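Data block for model_21.csv (CSV, C-alpha atoms):
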```csv
chain,number,residue,atom,x,y,z
A,1,MET,CA,-14.4,5.1,-7.6
A,2,LEU,CA,-11.6,6.4,-5.3
A,3,ARG,CA,-12.2,6.7,-1.6
A,4,VAL,CA,-9.6,8.4,0.6
A,5,ILE,CA,-9.6,7.5,4.3
A,6,THR,CA,-7.8,9.5,6.9
A,7,ALA,CA,-9.0,7.9,10.1
A,8,MET,CA,-9.3,4.3,11.4
A,9,SER,CA,-13.0,4.9,12.2
A,10,GLN,CA,-13.6,5.4,8.4
A,11,LEU,CA,-11.8,2.2,7.3
A,12,PRO,CA,-13.9,-0.8,6.2
A,13,PHE,CA,-11.4,-3.2,7.8
A,14,GLU,CA,-13.1,-6.5,7.0
A,15,SER,CA,-13.4,-5.5,3.3
A,16,LEU,CA,-9.8,-4.4,3.3
A,17,MET,CA,-8.8,-7.8,4.7
A,18,LYS,CA,-10.4,-9.5,1.7
A,19,VAL,CA,-7.9,-7.7,-0.5
A,20,TYR,CA,-4.9,-8.5,1.7
A,21,GLU,CA,-5.9,-12.1,2.5
A,22,LYS,CA,-3.1,-13.7,0.6
A,23,THR,CA,-0.6,-11.3,2.0
A,24,ASN,CA,-1.9,-11.9,5.5
A,25,ILE,CA,-1.6,-15.7,5.1
A,26,GLU,CA,2.0,-15.3,4.0
A,27,GLN,CA,2.7,-12.9,6.8
A,28,GLY,CA,1.2,-15.3,9.3
A,29,ARG,CA,3.3,-18.2,8.1
A,30,GLU,CA,6.4,-16.1,8.3
A,31,GLN,CA,5.8,-14.6,11.7
A,32,TRP,CA,4.1,-17.4,13.6
A,33,PRO,CA,5.1,-20.7,11.8
A,34,TRP,CA,4.4,-22.8,15.0
A,35,GLU,CA,0.7,-21.8,14.9
A,36,PRO,CA,-2.0,-23.6,12.9
A,37,PRO,CA,-3.0,-21.7,9.6
A,38,ALA,CA,-6.2,-20.2,10.9
A,39,ARG,CA,-4.4,-18.8,14.0
A,40,GLN,CA,-1.6,-17.5,11.8
A,41,LEU,CA,-4.1,-15.6,9.7
A,42,ALA,CA,-5.9,-14.2,12.8
A,43,LEU,CA,-2.6,-13.1,14.3
A,44,ALA,CA,-1.6,-11.4,11.1
A,45,ARG,CA,-4.9,-9.6,10.8
A,46,ASP,CA,-4.8,-8.5,14.5
A,47,ALA,CA,-1.2,-7.2,14.1
A,48,PHE,CA,-2.2,-5.2,11.0
A,49,TYR,CA,-5.2,-3.8,12.7
A,50,ASP,CA,-3.1,-2.7,15.7
A,51,TYR,CA,-0.5,-1.1,13.3
A,52,LEU,CA,-3.1,0.9,11.5
A,53,ARG,CA,-4.8,2.0,14.7
A,54,GLU,CA,-1.8,2.7,16.8
A,55,CYS,CA,0.8,3.9,14.3
A,56,PHE,CA,-0.4,4.6,10.7
A,57,PHE,CA,-3.5,6.7,11.3
A,58,GLU,CA,-1.5,8.6,14.0
A,59,ILE,CA,0.8,10.1,11.3
A,60,PRO,CA,-0.4,13.5,10.2
A,61,GLY,CA,-1.1,13.4,6.5
A,62,ALA,CA,-1.3,9.6,6.2
A,63,ALA,CA,-4.2,8.2,4.2
A,64,TYR,CA,-5.5,4.9,2.9
A,65,CYS,CA,-6.9,4.9,-0.7
A,66,LEU,CA,-9.4,2.4,-1.9
A,67,TRP,CA,-10.6,1.7,-5.4
A,68,LEU,CA,-14.2,0.6,-5.1
A,69,GLN,CA,-16.3,-1.5,-7.5
A,70,GLU,CA,-19.9,-2.0,-6.3
A,71,ASP,CA,-18.9,-0.3,-3.0
A,72,GLN,CA,-16.3,-3.0,-2.3
A,73,PRO,CA,-12.5,-2.3,-2.3
A,74,VAL,CA,-10.8,-4.2,-5.2
A,75,SER,CA,-7.4,-2.4,-5.0
A,76,VAL,CA,-5.8,-0.5,-2.1
A,77,LEU,CA,-2.8,1.6,-1.2
A,78,ARG,CA,-1.6,3.8,1.6
A,79,TYR,CA,0.6,6.9,1.7
A,80,GLU,CA,2.3,9.0,4.3
A,81,PRO,CA,4.6,12.0,4.3
A,82,TYR,CA,8.1,11.3,3.0
A,83,LYS,CA,11.0,13.6,2.1
A,84,ASP,CA,9.4,16.4,0.0
A,85,GLY,CA,6.2,14.5,-0.8
A,86,VAL,CA,4.6,11.2,0.1
A,87,LEU,CA,5.6,7.6,0.1
A,88,ILE,CA,3.1,5.2,-1.4
A,89,THR,CA,3.1,1.7,0.0
A,90,ALA,CA,1.1,-1.5,0.2
A,91,LEU,CA,-0.5,-1.3,-3.2
A,92,GLU,CA,-2.4,-4.5,-3.7
A,93,THR,CA,-5.3,-5.8,-5.8
A,94,ALA,CA,-7.6,-8.6,-4.7
A,95,PRO,CA,-6.5,-11.8,-6.5
A,96,GLU,CA,-9.8,-12.2,-8.3
A,97,SER,CA,-9.6,-8.6,-9.5
A,98,ARG,CA,-6.1,-8.6,-11.0
A,99,GLY,CA,-5.5,-7.9,-14.6
A,100,LYS,CA,-8.5,-5.5,-14.9
A,101,GLY,CA,-6.6,-2.2,-14.6
A,102,TYR,CA,-7.8,-1.4,-11.0
A,103,ALA,CA,-4.3,-0.8,-9.6
A,104,THR,CA,-3.5,1.6,-12.4
A,105,GLU,CA,-6.8,3.4,-12.0
A,106,LEU,CA,-6.3,3.6,-8.2
A,107,LEU,CA,-2.7,4.9,-8.5
A,108,SER,CA,-3.7,7.4,-11.2
A,109,LYS,CA,-6.6,8.8,-9.2
A,110,THR,CA,-4.6,8.9,-6.0
A,111,LEU,CA,-1.9,11.0,-7.8
A,112,ASP,CA,-4.7,13.3,-9.0
A,113,ALA,CA,-5.9,13.7,-5.4
A,114,LEU,CA,-2.3,14.4,-4.2
A,115,ARG,CA,-2.0,17.1,-6.9
A,116,ALA,CA,-5.2,18.7,-5.7
A,117,GLU,CA,-3.6,18.7,-2.2
A,118,ARG,CA,-0.6,20.4,-3.7
A,119,ILE,CA,1.8,17.5,-2.8
A,120,PRO,CA,4.8,18.0,-5.0
A,121,LYS,CA,6.2,14.5,-5.3
A,122,ALA,CA,5.3,10.8,-4.8
A,123,TYR,CA,7.8,8.1,-4.1
A,124,VAL,CA,7.5,4.3,-4.0
A,125,HIS,CA,9.9,1.4,-3.2
A,126,ILE,CA,9.4,-1.6,-5.5
A,127,HIS,CA,11.0,-5.0,-5.2
A,128,ARG,CA,13.1,-5.6,-8.3
A,129,GLY,CA,11.3,-8.8,-9.0
A,130,ASN,CA,7.8,-7.3,-8.9
A,131,ALA,CA,7.2,-6.9,-12.6
A,132,ALA,CA,3.4,-6.1,-12.3
A,133,SER,CA,4.1,-3.3,-9.8
A,134,LEU,CA,6.9,-1.9,-12.0
A,135,ARG,CA,4.5,-1.8,-15.0
A,136,VAL,CA,1.7,-0.1,-13.0
A,137,HIS,CA,4.0,2.6,-11.6
A,138,GLU,CA,5.8,3.2,-14.9
A,139,HIS,CA,2.4,3.6,-16.6
A,140,CYS,CA,1.5,6.3,-14.1
A,141,GLY,CA,4.8,8.2,-14.7
A,142,PHE,CA,7.1,7.0,-12.0
A,143,LEU,CA,10.8,7.0,-12.9
A,144,GLN,CA,13.5,5.1,-11.1
A,145,ILE,CA,15.7,7.4,-9.1
A,146,SER,CA,17.9,4.9,-7.3
A,147,GLN,CA,18.8,1.3,-7.0
A,148,GLY,CA,18.2,0.2,-3.5
A,149,ALA,CA,15.7,1.9,-1.1
A,150,ARG,CA,15.9,3.6,2.3
A,151,LEU,CA,12.8,2.4,4.0
A,152,LEU,CA,10.7,4.4,6.5
A,153,ASP,CA,12.2,2.5,9.4
A,154,GLY,CA,15.7,3.7,8.3
A,155,SER,CA,16.8,0.3,7.0
A,156,TYR,CA,18.3,-0.1,3.5
A,157,ARG,CA,17.2,-2.7,1.0
A,158,SER,CA,19.3,-3.4,-2.0
A,159,ASP,CA,16.6,-5.7,-3.5
A,160,TYR,CA,14.2,-2.7,-3.8
A,161,HIS,CA,14.4,0.3,-6.1
A,162,THR,CA,13.1,3.7,-5.5
A,163,PHE,CA,10.9,5.5,-8.0
A,164,ALA,CA,9.4,8.9,-8.0
A,165,VAL,CA,7.0,11.1,-9.9
A,166,ASP,CA,6.9,14.9,-9.9
A,167,LEU,CA,3.2,15.9,-9.5
A,168,PHE,CA,3.7,19.4,-10.9
A,169,VAL,CA,5.7,19.1,-14.1
```

Output the file's structure in the form of structure tokens.
Amino acid sequence: MLRVITAMSQLPFESLMKVYEKTNIEQGREQWPWEPPARQLALARDAFYDYLRECFFEIPGAAYCLWLQEDQPVSVLRYEPYKDGVLITALETAPESRGKGYATELLSKTLDALRAERIPKAYVHIHRGNAASLRVHEHCGFLQISQGARLLDGSYRSDYHTFAVDLFV
């Protein structure tokens, strides 16, 4: 079941962190290599919490989407306004839930919700080596529109490609 969240107070943060645990471990190692592993994870979680509270949920039109199984998130993504539509980011499925179609279901239902909001287009930047993400997005109708990607912070990444889907075809 899809749950769309538009405020930090609605976000089940601890459940979300279970989905992102592997990513947070990697982020912690990268950002704080001098810290012990438990502290790295805590710092990554704290930094992510602060980003969501202070930045992400302050953006008008930004939302977190959760795909729930037994009331627990198994796949998540977020989106925010971008160009003439929205940019979808941070699509991730809990490691124990991968290969079950949850990411495709989440993305498909999110696109339906965006259509209902009359959002004309959705974009995504995908690392060229992320075959699983490429498959999910292509299955949901995304087409590559450029090699390389201009990220939200204005930086350019040649190792990412930009994909888009028109929501009113």

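The shell of residues at most 6 Å from range 132-146 of chain A, with only C-alpha atoms counted and near chain neighbours (fewer than 4 positions) removed, consists of Thr104, His161, Thr162, Phe163, Ala164 and Val165 of chain A.
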
Around the point (-0.4, -9.3, 5.6) in the file's coordinates, collect all residues with an atom within 9 Å, using only C-alpha atoms, and return them as a list of chain:residue names.
A:Met17, A:Tyr20, A:Glu21, A:Lys22, A:Thr23, A:Asn24, A:Ile25, A:Glu26, A:Gln27, A:Gly28, A:Leu41, A:Ala44, A:Arg45, A:Ala47, A:Phe48

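Using only C-alpha atoms, the protein and nucleic acid residues lying no more than 12 Å from Leu152 in chain A, apart from those fewer than 6 places from it along its own chain, are Phe56, Tyr79, Glu80, Pro81, Tyr82, Lys83, Val86, Leu87, Ile88, Thr89, Tyr123, Val124 and His125 of chain A.
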
Separating CA of Asp112 in chain A from CA of Pro60 in chain A, to the nearest tenth of an Å, is a gap of 19.7 Å

Compare A:Asp84, A:Glu105, A:Glu117, A:Glu30 by their minimum atom-to-atom distance to Trp67 in chain A, counting all atoms listed in the file, and give me the closest one.
A:Glu105

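When CA of Ala42 in chain A is paired with CA of Glu54 in chain A, their separation reads 17.8 Å.
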
Quick one: residues within 9 Å of Lys18 in chain A, all atoms listed in the file counted, chain neighbours fewer than 3 positions away excluded, as an NGL selection string?
:A and (13-15 or 21-22 or 73-74 or 94)

Same residues, C-alpha atoms, saved as a JSON list (two decimals), in the coordinates of the input:
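And here is the file that came out, out-v2.json:
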```
[["chain", "number", "residue", "atom", "x", "y", "z"],
["A", 13, "PHE", "CA", -11.40, -3.20, 7.80],
["A", 14, "GLU", "CA", -13.10, -6.50, 7.00],
["A", 15, "SER", "CA", -13.40, -5.50, 3.30],
["A", 21, "GLU", "CA", -5.90, -12.10, 2.50],
["A", 22, "LYS", "CA", -3.10, -13.70, 0.60],
["A", 73, "PRO", "CA", -12.50, -2.30, -2.30],
["A", 74, "VAL", "CA", -10.80, -4.20, -5.20],
["A", 94, "ALA", "CA", -7.60, -8.60, -4.70]]
```

Sel. within 8 Å of pt (-12.5, -0.1, 2.2), counting only C-alpha atoms, output as number ranges by chain:
A: 3, 11-13, 15-16, 66, 68, 72-73, 76

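Interatomic distance, CA of Ile126 in chain A against CA of Arg98 in chain A: 17.9 Å.
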
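With all atoms listed in the file as the basis for measurement, A:Asp166 is the residue among A:Asp166, A:Glu35, A:Asp71, A:Asp153 that approaches Lys121 in chain A most closely.
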
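Minimum atom-to-atom distances from A:Cys65, A:Pro120, A:Arg39, A:Arg115 to Thr93 in chain A were compared using all atoms listed in the file, and the lowest value belongs to A:Cys65.
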
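Each of A:Glu70, A:Leu77, A:Ser155, A:Phe168 was compared to Arg118 in chain A using only C-alpha atoms, and A:Phe168 turns out to be the nearest.
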
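Of the listed residues A:Ser158, A:Ser97, A:Thr6, A:Gln147, the one whose atoms come nearest to Gly61 in chain A is A:Thr6, with distances taken using all atoms listed in the file.
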
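Here the question is which of A:Tyr51, A:Arg157, A:Pro37, A:Ala62 gets nearest to Leu114 in chain A using all atoms listed in the file, and that residue is A:Ala62.
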